[in-house]
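As stored in my_file.tsv (TSV, C-alpha atoms and all ligand atoms):
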```
chain	number	residue	atom	x	y	z
C	24	MET	CA	-15.14	60.14	149.51
C	25	SER	CA	-12.26	61.47	151.60
C	26	ASN	CA	-12.46	64.47	153.89
C	27	LEU	CA	-14.48	67.30	152.40
C	28	LYS	CA	-13.73	69.73	155.19
C	29	PRO	CA	-11.87	72.81	153.98
C	30	GLN	CA	-8.36	73.25	155.37
C	31	LYS	CA	-6.10	76.29	155.27
C	32	ALA	CA	-3.79	74.21	153.05
C	33	HIS	CA	-6.48	74.17	150.34
C	34	ARG	CA	-5.85	77.91	149.94
C	35	PHE	CA	-9.46	78.98	149.41
C	36	SER	CA	-10.18	82.68	149.31
C	37	PHE	CA	-13.22	84.97	148.97
C	38	GLY	CA	-13.67	88.64	148.18
C	39	LEU	CA	-15.16	90.58	151.10
C	40	TRP	CA	-17.66	92.02	148.62
C	41	CYS	CA	-19.00	88.51	147.93
C	42	THR	CA	-20.06	87.71	151.47
C	43	ALA	CA	-21.00	91.34	152.19
C	44	ASN	CA	-23.18	91.43	149.07
C	45	ARG	CA	-26.62	92.52	150.22
C	46	GLY	CA	-28.62	91.28	147.27
C	47	ARG	CA	-29.31	94.67	145.72
C	48	ASP	CA	-29.83	94.55	141.95
C	49	PRO	CA	-30.89	97.13	139.33
C	50	PHE	CA	-34.54	96.31	140.03
C	51	GLY	CA	-34.65	95.78	143.76
C	52	GLU	CA	-33.38	96.85	147.12
C	53	GLU	CA	-31.15	94.98	149.60
C	54	THR	CA	-32.43	91.76	151.12
C	55	ARG	CA	-29.66	91.30	153.72
C	56	SER	CA	-28.17	93.40	156.48
C	57	ARG	CA	-24.80	95.11	156.39
C	58	LEU	CA	-21.83	92.88	157.21
C	59	ASP	CA	-18.89	94.82	158.58
C	60	PRO	CA	-15.47	93.85	157.20
C	61	VAL	CA	-14.00	92.70	160.50
C	62	THR	CA	-16.87	90.27	161.24
C	63	ASN	CA	-16.73	89.23	157.60
C	64	ILE	CA	-13.02	88.29	157.83
C	65	LYS	CA	-13.62	86.54	161.15
C	66	GLU	CA	-16.47	84.39	159.78
C	67	LEU	CA	-14.36	83.42	156.76
C	68	GLY	CA	-11.39	82.59	158.99
C	69	LYS	CA	-13.58	80.41	161.21
C	70	ARG	CA	-14.48	78.33	158.19
C	71	ASN	CA	-10.83	77.70	157.34
C	72	VAL	CA	-10.77	80.10	154.43
C	73	TYR	CA	-7.09	80.79	153.75
C	74	ALA	CA	-7.34	84.40	152.60
C	75	PHE	CA	-9.71	87.29	151.99
C	76	ASN	CA	-9.54	89.81	149.15
C	77	TYR	CA	-10.74	93.38	149.31
C	78	HIS	CA	-11.36	96.61	147.43
C	79	ASP	CA	-10.11	99.74	149.23
C	80	ASP	CA	-13.72	100.79	149.89
C	81	ASP	CA	-14.75	97.35	151.23
C	82	LEU	CA	-12.39	97.79	154.13
C	83	ILE	CA	-12.16	101.56	154.61
C	84	PRO	CA	-15.45	103.32	153.78
C	85	PHE	CA	-15.10	105.92	151.01
C	86	GLY	CA	-14.20	109.28	152.57
C	87	ALA	CA	-13.31	107.88	156.02
C	88	SER	CA	-11.14	110.00	158.34
C	89	LEU	CA	-7.54	109.04	159.10
C	90	GLN	CA	-8.59	108.10	162.61
C	91	GLN	CA	-11.34	105.77	161.34
C	92	ARG	CA	-8.90	104.30	158.84
C	93	ASN	CA	-6.27	103.51	161.46
C	94	LYS	CA	-8.86	101.96	163.76
C	95	ILE	CA	-10.12	99.63	161.00
C	96	ILE	CA	-6.58	98.62	160.01
C	97	LYS	CA	-5.74	97.78	163.61
C	98	GLU	CA	-8.88	95.67	163.98
C	99	THR	CA	-8.23	93.97	160.64
C	100	ARG	CA	-4.72	93.00	161.64
C	101	LYS	CA	-6.01	91.58	164.91
C	102	VAL	CA	-8.76	89.48	163.35
C	103	MET	CA	-6.30	88.20	160.69
C	104	LYS	CA	-3.98	87.03	163.45
C	105	ASP	CA	-6.71	85.59	165.70
C	106	TYR	CA	-8.31	83.58	162.90
C	107	ALA	CA	-5.14	82.77	160.95
C	108	ILE	CA	-6.48	84.32	157.77
C	109	LYS	CA	-4.30	86.13	155.26
C	110	CYS	CA	-4.97	88.94	152.85
C	111	GLY	CA	-4.53	87.33	149.42
C	112	MET	CA	-5.38	90.03	146.94
C	113	ALA	CA	-6.06	93.74	146.99
C	114	THR	CA	-7.92	95.74	144.37
C	115	THR	CA	-9.38	99.21	143.86
C	116	ASN	CA	-12.96	100.24	143.49
C	117	LEU	CA	-12.78	102.32	140.33
C	118	PHE	CA	-16.41	101.80	139.38
C	119	TYR	CA	-18.89	102.77	142.12
C	120	HIS	CA	-18.46	106.50	142.59
C	121	ARG	CA	-20.05	108.68	139.91
C	122	VAL	CA	-16.69	110.34	139.25
C	123	PHE	CA	-15.87	107.15	137.30
C	124	LYS	CA	-19.11	107.23	135.27
C	125	ASP	CA	-17.16	107.41	132.00
C	126	GLY	CA	-14.08	105.45	133.03
C	127	ALA	CA	-11.16	105.73	135.43
C	128	PHE	CA	-7.91	105.01	133.55
C	129	THR	CA	-9.65	105.68	130.23
C	130	SER	CA	-11.55	108.82	131.22
C	131	HIS	CA	-11.15	111.81	128.90
C	132	ASP	CA	-10.42	113.97	131.93
C	133	PRO	CA	-6.80	113.86	133.10
C	134	LYS	CA	-7.99	114.85	136.59
C	135	VAL	CA	-10.16	111.73	136.78
C	136	ARG	CA	-7.30	109.56	135.52
C	137	ALA	CA	-4.94	111.10	138.06
C	138	TYR	CA	-7.48	110.60	140.85
C	139	ALA	CA	-7.86	106.95	139.83
C	140	VAL	CA	-4.10	106.37	139.85
C	141	GLN	CA	-3.84	108.10	143.23
C	142	LYS	CA	-6.64	105.86	144.64
C	143	VAL	CA	-4.77	102.77	143.43
C	144	MET	CA	-1.41	103.89	144.86
C	145	ARG	CA	-2.96	104.61	148.26
C	146	ASN	CA	-4.56	101.19	148.39
C	147	MET	CA	-1.39	99.50	147.16
C	148	ASP	CA	0.34	100.91	150.23
C	149	LEU	CA	-2.33	99.30	152.41
C	150	GLY	CA	-2.39	96.02	150.46
C	151	ALA	CA	1.37	95.67	150.84
C	152	GLU	CA	1.04	96.37	154.55
C	153	LEU	CA	-1.58	93.62	154.88
C	154	GLY	CA	0.61	91.17	152.96
C	155	ALA	CA	-1.39	90.88	149.71
C	156	LYS	CA	0.58	89.15	146.95
C	157	VAL	CA	-1.63	89.96	143.98
C	158	TYR	CA	-3.17	93.26	142.87
C	159	VAL	CA	-6.20	92.94	140.59
C	160	PHE	CA	-7.39	95.47	138.03
C	161	TRP	CA	-10.99	95.11	136.93
C	162	GLY	CA	-11.85	98.01	134.68
C	163	GLY	CA	-15.62	97.82	135.01
C	164	ARG	CA	-16.16	101.39	133.82
C	165	GLU	CA	-13.47	101.35	131.13
C	166	GLY	CA	-15.76	101.16	128.13
C	167	THR	CA	-18.50	102.83	126.17
C	168	GLU	CA	-22.13	102.87	125.22
C	169	VAL	CA	-21.55	105.53	122.58
C	170	ASP	CA	-18.72	104.61	120.23
C	171	ALA	CA	-18.57	108.19	118.93
C	172	SER	CA	-17.49	109.32	122.41
C	173	LYS	CA	-14.14	107.54	122.71
C	174	THR	CA	-11.85	105.62	120.45
C	175	PRO	CA	-10.59	102.25	121.67
C	176	GLU	CA	-7.08	103.16	120.42
C	177	GLU	CA	-6.89	106.29	122.54
C	178	SER	CA	-8.48	104.54	125.50
C	179	LEU	CA	-6.01	101.67	125.37
C	180	LYS	CA	-3.11	104.14	125.26
C	181	ARG	CA	-4.41	105.77	128.44
C	182	TYR	CA	-5.00	102.39	130.06
C	183	ARG	CA	-1.41	101.39	129.21
C	184	GLU	CA	0.00	104.65	130.57
C	185	CYS	CA	-1.73	104.09	133.93
C	186	MET	CA	-0.68	100.42	134.13
C	187	ASN	CA	2.94	101.30	133.35
C	188	TYR	CA	2.87	104.01	135.99
C	189	LEU	CA	1.47	101.68	138.64
C	190	CYS	CA	3.88	98.85	137.80
C	191	ALA	CA	6.72	101.33	138.30
C	192	TYR	CA	5.18	102.54	141.56
C	193	SER	CA	4.98	99.00	142.95
C	194	ARG	CA	8.55	98.20	141.84
C	195	HIS	CA	9.85	101.47	143.25
C	196	ASN	CA	8.37	100.62	146.65
C	197	GLY	CA	9.53	97.00	146.54
C	198	TYR	CA	5.96	95.74	147.06
C	199	GLY	CA	6.50	92.61	145.00
C	200	PHE	CA	2.91	92.60	143.70
C	201	ARG	CA	1.93	90.56	140.72
C	202	PHE	CA	-0.70	92.50	138.79
C	203	ALA	CA	-3.66	90.64	137.31
C	204	ILE	CA	-6.02	92.28	134.82
C	205	GLU	CA	-9.55	90.89	134.85
C	206	PRO	CA	-11.43	90.75	131.53
C	207	LYS	CA	-15.19	91.17	131.18
C	208	PRO	CA	-17.11	91.72	127.94
C	209	ASN	CA	-19.80	94.10	129.24
C	210	GLU	CA	-21.73	95.19	132.35
C	211	PRO	CA	-21.80	97.74	133.75
C	212	ARG	CA	-20.67	99.37	130.46
C	213	GLY	CA	-22.34	98.49	127.20
C	214	ASP	CA	-18.94	97.30	126.00
C	215	ILE	CA	-15.86	97.03	128.19
C	216	PHE	CA	-12.30	97.33	126.82
C	217	LEU	CA	-10.16	94.19	127.38
C	218	ALA	CA	-13.24	92.01	126.93
C	219	THR	CA	-11.67	88.55	127.15
C	220	ALA	CA	-8.55	86.80	128.43
C	221	GLY	CA	-7.20	86.94	124.87
C	222	HIS	CA	-7.57	90.74	124.73
C	223	VAL	CA	-5.82	91.05	128.09
C	224	MET	CA	-2.91	88.83	127.03
C	225	ALA	CA	-2.37	90.81	123.85
C	226	PHE	CA	-2.48	94.07	125.85
C	227	ILE	CA	0.04	92.78	128.43
C	228	GLY	CA	2.54	92.25	125.62
C	229	THR	CA	2.49	96.01	124.97
C	230	LEU	CA	3.34	97.05	128.56
C	231	ASP	CA	6.76	98.22	129.79
C	232	ASP	CA	7.08	95.29	132.21
C	233	PRO	CA	5.00	92.44	130.79
C	234	ASP	CA	6.37	89.90	133.27
C	235	MET	CA	4.82	91.76	136.15
C	236	VAL	CA	1.31	91.53	134.72
C	237	GLY	CA	-0.94	88.52	134.18
C	238	VAL	CA	-4.63	87.69	133.82
C	239	ASN	CA	-7.40	87.17	136.36
C	240	PRO	CA	-9.95	85.22	134.32
C	241	GLU	CA	-13.40	84.74	135.84
C	242	ILE	CA	-15.62	81.75	135.04
C	243	GLU	CA	-18.73	83.95	134.89
C	244	HIS	CA	-17.13	86.52	132.58
C	245	SER	CA	-15.89	83.89	130.10
C	246	ARG	CA	-19.31	82.28	130.01
C	247	MET	CA	-21.03	85.66	129.58
C	248	ALA	CA	-19.08	85.88	126.32
C	249	GLY	CA	-20.13	82.33	125.40
C	250	LEU	CA	-16.55	81.08	125.69
C	251	ASN	CA	-15.21	77.81	127.05
C	252	THR	CA	-13.93	78.74	130.51
C	253	TYR	CA	-11.61	75.78	130.70
C	254	HIS	CA	-9.91	76.79	127.45
C	255	ASP	CA	-9.69	80.39	128.63
C	256	PHE	CA	-8.01	79.46	131.91
C	257	ALA	CA	-5.76	76.91	130.21
C	258	GLN	CA	-4.46	79.33	127.61
C	259	CYS	CA	-3.57	81.83	130.35
C	260	MET	CA	-1.77	79.07	132.24
C	261	GLU	CA	0.07	77.82	129.16
C	262	ALA	CA	1.30	81.35	128.51
C	263	GLY	CA	2.51	81.65	132.13
C	264	LYS	CA	-0.10	84.36	132.68
C	265	LEU	CA	-2.56	82.80	135.12
C	266	TYR	CA	-1.80	85.11	138.06
C	267	HIS	CA	-5.18	84.86	139.81
C	268	VAL	CA	-8.57	83.18	139.26
C	269	ASP	CA	-12.17	84.14	139.98
C	270	LEU	CA	-14.37	81.08	140.43
C	271	GLY	CA	-18.16	81.06	140.30
C	272	ALA	CA	-20.96	79.89	138.02
C	273	GLN	CA	-22.93	81.41	135.18
C	274	LYS	CA	-25.50	80.52	132.55
C	275	PRO	CA	-23.99	81.44	129.16
C	276	CYS	CA	-24.57	84.78	127.42
C	277	ARG	CA	-26.43	86.57	130.21
C	278	PHE	CA	-25.74	89.33	132.72
C	279	ASP	CA	-23.07	88.57	135.33
C	280	GLN	CA	-24.97	86.12	137.53
C	281	ASP	CA	-22.14	85.38	139.99
C	282	LEU	CA	-23.75	82.07	140.99
C	283	ARG	CA	-22.31	79.67	143.55
C	284	PHE	CA	-19.32	77.72	142.23
C	285	GLY	CA	-20.33	74.54	140.43
C	286	SER	CA	-24.04	75.35	140.36
C	287	GLU	CA	-24.03	75.52	136.53
C	288	ASP	CA	-22.20	73.30	134.04
C	289	ILE	CA	-20.47	70.87	136.34
C	290	LYS	CA	-18.49	69.34	133.47
C	291	GLU	CA	-16.74	72.53	132.37
C	292	THR	CA	-16.11	73.44	136.02
C	293	PHE	CA	-14.67	69.97	136.62
C	294	PHE	CA	-12.08	70.62	133.89
C	295	VAL	CA	-11.17	73.96	135.47
C	296	VAL	CA	-10.49	72.21	138.79
C	297	LYS	CA	-8.56	69.51	136.94
C	298	LEU	CA	-6.42	72.15	135.24
C	299	LEU	CA	-5.56	73.90	138.51
C	300	GLU	CA	-4.91	70.73	140.51
C	301	ASP	CA	-3.15	68.58	137.90
C	302	ASN	CA	-0.76	71.46	137.32
C	303	HIS	CA	-0.31	72.23	141.04
C	304	TRP	CA	-1.21	75.82	140.31
C	305	GLN	CA	0.30	78.05	142.99
C	306	GLY	CA	-2.39	80.72	143.47
C	307	THR	CA	-5.39	80.78	145.80
C	308	ARG	CA	-8.60	78.96	144.84
C	309	ASN	CA	-10.52	82.19	144.83
C	310	PHE	CA	-14.30	82.56	144.65
C	311	ASP	CA	-15.85	85.70	143.19
C	312	GLU	CA	-19.62	85.16	143.34
C	313	HIS	CA	-22.73	86.25	145.24
C	314	PRO	CA	-25.28	84.45	147.41
C	315	TYR	CA	-28.78	84.31	145.87
C	316	ARG	CA	-30.75	87.45	146.52
C	317	SER	CA	-33.38	85.25	148.17
C	318	GLU	CA	-30.91	84.20	150.91
C	319	ASP	CA	-30.91	85.71	154.37
C	320	ASP	CA	-27.86	86.69	156.48
C	321	LYS	CA	-27.31	83.12	157.65
C	322	GLY	CA	-27.53	81.67	154.14
C	323	VAL	CA	-24.42	83.60	153.14
C	324	TRP	CA	-22.36	81.06	155.08
C	325	ASP	CA	-24.14	78.12	153.42
C	326	PHE	CA	-23.01	79.69	150.15
C	327	VAL	CA	-19.38	79.95	151.37
C	328	GLU	CA	-19.32	76.39	152.69
C	329	GLY	CA	-21.09	75.05	149.58
C	330	SER	CA	-18.56	76.63	147.24
C	331	MET	CA	-15.57	75.07	149.01
C	332	ARG	CA	-17.33	71.73	149.39
C	333	THR	CA	-18.13	71.59	145.66
C	334	TYR	CA	-14.50	72.40	144.85
C	335	LEU	CA	-13.28	69.56	147.06
C	336	ILE	CA	-15.83	67.14	145.56
C	337	LEU	CA	-14.72	68.06	142.05
C	338	TRP	CA	-11.10	67.58	143.09
C	339	GLU	CA	-12.01	64.08	144.27
C	340	LYS	CA	-13.61	63.49	140.86
C	341	VAL	CA	-10.38	64.66	139.21
C	342	LYS	CA	-8.44	62.02	141.14
C	343	ARG	CA	-11.08	59.46	140.15
C	344	PHE	CA	-10.74	60.47	136.47
C	345	ASN	CA	-6.94	60.31	136.61
C	346	SER	CA	-6.94	56.81	138.09
C	347	ASP	CA	-9.85	55.43	136.08
C	348	LYS	CA	-8.66	52.50	133.98
C	349	LYS	CA	-11.21	52.96	131.24
C	350	VAL	CA	-10.51	56.69	130.84
C	351	GLN	CA	-6.77	56.14	130.80
C	352	GLN	CA	-7.01	53.29	128.31
C	353	ILE	CA	-9.11	55.40	125.92
C	354	LEU	CA	-6.75	58.37	126.28
C	355	LYS	CA	-3.83	56.09	125.50
C	356	SER	CA	-5.57	54.61	122.47
C	357	ILE	CA	-6.31	57.99	120.86
C	358	LYS	CA	-2.79	59.33	121.09
C	359	GLY	CA	-0.64	58.29	118.11
C	360	LYS	CA	3.10	57.77	118.29
C	361	ASP	CA	5.63	58.14	115.50
C	362	PRO	CA	9.06	59.24	116.76
C	363	PHE	CA	10.47	59.72	113.26
C	364	LEU	CA	7.68	62.03	112.10
C	365	GLU	CA	7.60	63.80	115.43
C	366	GLY	CA	11.31	64.51	114.95
C	367	LEU	CA	10.67	65.94	111.49
C	368	LEU	CA	7.84	68.12	112.78
C	369	GLY	CA	9.63	69.23	115.93
C	370	ARG	CA	11.86	71.74	114.23
C	371	PHE	CA	12.02	73.32	110.82
C	372	THR	CA	15.20	72.67	108.91
C	373	PRO	CA	15.44	72.63	105.10
C	374	GLU	CA	16.33	68.89	105.37
C	375	ASN	CA	13.37	68.09	107.60
C	376	ALA	CA	11.04	69.98	105.29
C	377	ALA	CA	12.45	68.20	102.22
C	378	GLU	CA	12.05	64.83	103.92
C	379	LEU	CA	8.50	65.66	104.99
C	380	LYS	CA	7.52	66.69	101.47
C	381	LYS	CA	8.74	63.34	100.12
C	382	ARG	CA	6.66	61.18	102.49
C	383	SER	CA	3.46	59.63	101.19
C	384	PHE	CA	0.35	59.55	103.38
C	385	ASP	CA	-2.91	57.64	103.02
C	386	PRO	CA	-5.52	60.12	104.31
C	387	MET	CA	-8.36	57.60	104.02
C	388	ALA	CA	-6.48	55.05	106.12
C	389	LEU	CA	-5.62	57.75	108.67
C	390	SER	CA	-9.24	58.82	108.90
C	391	ARG	CA	-10.31	55.30	109.87
C	392	LYS	CA	-8.71	55.52	113.30
C	393	ARG	CA	-11.36	55.00	115.98
C	394	LEU	CA	-11.98	57.90	118.32
C	395	PRO	CA	-14.29	56.52	121.01
C	396	TYR	CA	-15.38	59.88	122.37
C	397	GLU	CA	-18.93	58.68	123.06
C	398	GLU	CA	-17.52	56.13	125.46
C	399	LEU	CA	-15.03	58.62	126.92
C	400	ASP	CA	-17.55	61.35	127.57
C	401	GLN	CA	-20.10	58.88	128.97
C	402	ARG	CA	-17.44	57.68	131.41
C	403	VAL	CA	-16.71	61.28	132.47
C	404	GLN	CA	-20.47	61.81	132.92
C	405	GLU	CA	-20.73	58.68	135.05
C	406	ILE	CA	-17.78	59.72	137.20
C	407	LEU	CA	-19.41	63.11	137.72
C	408	MET	CA	-22.83	61.57	138.39
C	409	GLY	CA	-21.32	59.28	140.99
C	410	VAL	CA	-21.97	55.90	139.38
C	411	ALA	CA	-18.40	55.18	138.22
X	1	LIG	C1	-17.03	93.22	140.78
X	1	LIG	C2	-16.80	92.42	139.53
X	1	LIG	C3	-15.84	91.32	139.79
X	1	LIG	C4	-14.44	91.83	140.08
X	1	LIG	C5	-14.33	92.53	141.35
X	1	LIG	C6	-12.96	93.15	141.45
X	1	LIG	S1	-15.62	93.57	141.72
X	1	LIG	O1	-17.91	92.53	141.62
X	1	LIG	O2	-18.04	91.89	139.04
X	1	LIG	O3	-15.82	90.38	138.77
X	1	LIG	O4	-13.59	90.73	140.19
X	1	LIG	O5	-12.95	94.52	141.26
X	2	MN	MN	-14.28	88.91	139.33
X	3	MN	MN	-18.09	89.04	137.99
```
Using the file provided, produce a representation of the structure as structure tokens.
Amino acid sequence: MSNLKPQKAHRFSFGLWCTANRGRDPFGEETRSRLDPVTNIKELGKRNVYAFNYHDDDLIPFGASLQQRNKIIKETRKVMKDYAIKCGMATTNLFYHRVFKDGAFTSHDPKVRAYAVQKVMRNMDLGAELGAKVYVFWGGREGTEVDASKTPEESLKRYRECMNYLCAYSRHNGYGFRFAIEPKPNEPRGDIFLATAGHVMAFIGTLDDPDMVGVNPEIEHSRMAGLNTYHDFAQCMEAGKLYHVDLGAQKPCRFDQDLRFGSEDIKETFFVVKLLEDNHWQGTRNFDEHPYRSEDDKGVWDFVEGSMRTYLILWEKVKRFNSDKKVQQILKSIKGKDPFLEGLLGRFTPENAAELKKRSFDPMALSRKRLPYEELDQRVQEILMGVA
């Protein structure tokens, strides 16, 4: 297997909140010490991580003075330069403070909505200064437990109004951000609006500047909803809407586990890597996941290194799959070719339709075509298990 050492050119990135995650959960306290953002960025940079991502409050503590803020920004710029690490994505924490307990953009209270928009604009200024290319919107609190309290129609209107406002703000300032909305079906809310990549794509079509906005699908969130992550990512890509990705692992239909990339369902994850690499996808290979709560401070870096190593191994497996004679021969055998019919089907014209209606087909004969998927999938399994 070729070199599995991460390089800057691999464009890996991590959220600061992933490595700074202290293992707190709804039932238990922290198991790790605090990791300050500057050390965090430095440790990522040392491991050849290409970029870090941050929420406003990850970098500048909520309520910090202007003096504190300027000091942190100065230190951040220095560590970015010293360790050749970029800022890839910026986002806003619109979920932690109790002011957002019933939503930020979808709150009933115009003051809360205005405060949320102000918080985003302020952090956009900083993100642009740090060179972030993408701005993510994860509406963790935009949802309900009590459906009587809020209608989805009204909430989506408010959501849209805020997104349109912020798109215009970014354009007005020439920030050049691409916005990426991140779907999640639930948690922390009982139900979250824009639950899946499909919901987000439909919503984007209703915005004033749909080209500016794409999707940030997350492996864990798709699998929470019991969906096929590979299909989710692929449909976003096919629609030209894959603006950012969140990689990690998840057992289906549970709370957001944020497990280390590739630690669950290697096969589906393999196809996600294949999608990104075969299509030379331009974004960062971004991990959004947490170290196990049982890990100590040192183990956080095993988690970072493991995630990148698994990605590179799966990429090697993709190359193996693409050059495997047996796989390629099966793929060739299952694809039919009929230029005449393909021409008829390619475009509706009254003539094509008339011609198509005249043709006679033998469904029983067609159904006899061999589809050796047992052999194909076994081969994929053997490639992944390292015996092919
Ligand atoms: C939060 C959430 C993630 C989002 C982050 C961006 S924060 O941890 O679970 O999926 O991507 O706000
Ligand atoms: Mn995420
Ligand atoms: Mn998540």
Inset, instruction - Set the cut-off to 7 Å, count all atoms listed in the file, and list whatever residues fall near ligand MN 3 (chain X) as a PyMOL selection string. - result: chain C and resi 241+243-244+279+281+311-312
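Nearest residue to ligand MN 2 (chain X) among C:Ser193, C:Asn239, C:Asn209, C:Asn93 is C:Asn239, counting all atoms listed in the file.
Using all atoms listed in the file, the contacts of region 285-287 of chain C at a cut-off of 8 Å, with sequence neighbours closer than 6 positions omitted, comprise Gly271, Ala272, Gln273, Lys274, Ser330, Thr333 and Tyr334 of chain C.
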With C-alpha atoms retained, write the just-selected residues as a tab-separated table (two decimals), in the frame of the given file.
```tsv
chain	number	residue	atom	x	y	z
C	271	GLY	CA	-18.16	81.06	140.30
C	272	ALA	CA	-20.96	79.89	138.02
C	273	GLN	CA	-22.93	81.41	135.18
C	274	LYS	CA	-25.50	80.52	132.55
C	330	SER	CA	-18.56	76.63	147.24
C	333	THR	CA	-18.13	71.59	145.66
C	334	TYR	CA	-14.50	72.40	144.85
```
So that all listed atoms of region 321-340 of chain C fit with 6 Å spare on each side, what axis-aligned box centre and edge lengths in Å, to one decimal, would you give as lines of an AutoDock Vina configuration file?
```
center_x = -19.3
center_y = 73.5
center_z = 149.3
size_x = 28.4
size_y = 32.1
size_z = 28.8
```
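Pairwise distance (CA of Val102 (chain C), CA of Val143 (chain C)) equals 24.3 Å.
Between CA of Trp324 (chain C) and CA of Ile336 (chain C) the interatomic distance comes to 18.1 Å.
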Legend entry - Contacts of Asp170 (chain C) within 12 Å, all atoms listed in the file, excl. fewer than 3 positions in-chain, as a list in words: Gly166, Thr167, Lys173, Thr174, Pro175, Glu176, Ser178, Arg212, Gly213, Asp214, Ile215 and Phe216 of chain C
Legend entry - Contact residues around Val323 (chain C) with all atoms listed in the file at 9 Å, ignoring same-chain residues under 3 positions, as a list of chain:residue names: C:Cys41, C:Thr42, C:Ala43, C:Asn44, C:His313, C:Pro314, C:Tyr315, C:Glu318, C:Asp319, C:Asp320, C:Phe326, C:Val327, C:Glu328
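Between CA of Val159 (chain C) and CA of Thr62 (chain C) there is a distance of 23.4 Å.
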Legend entry - Distance query Trp338 (chain C) at most 8 Å, only C-alpha atoms, self and fewer than 3 positions along chain excluded, as a PyMOL selection string: chain C and resi 293+296-297+300+334-335+341-342
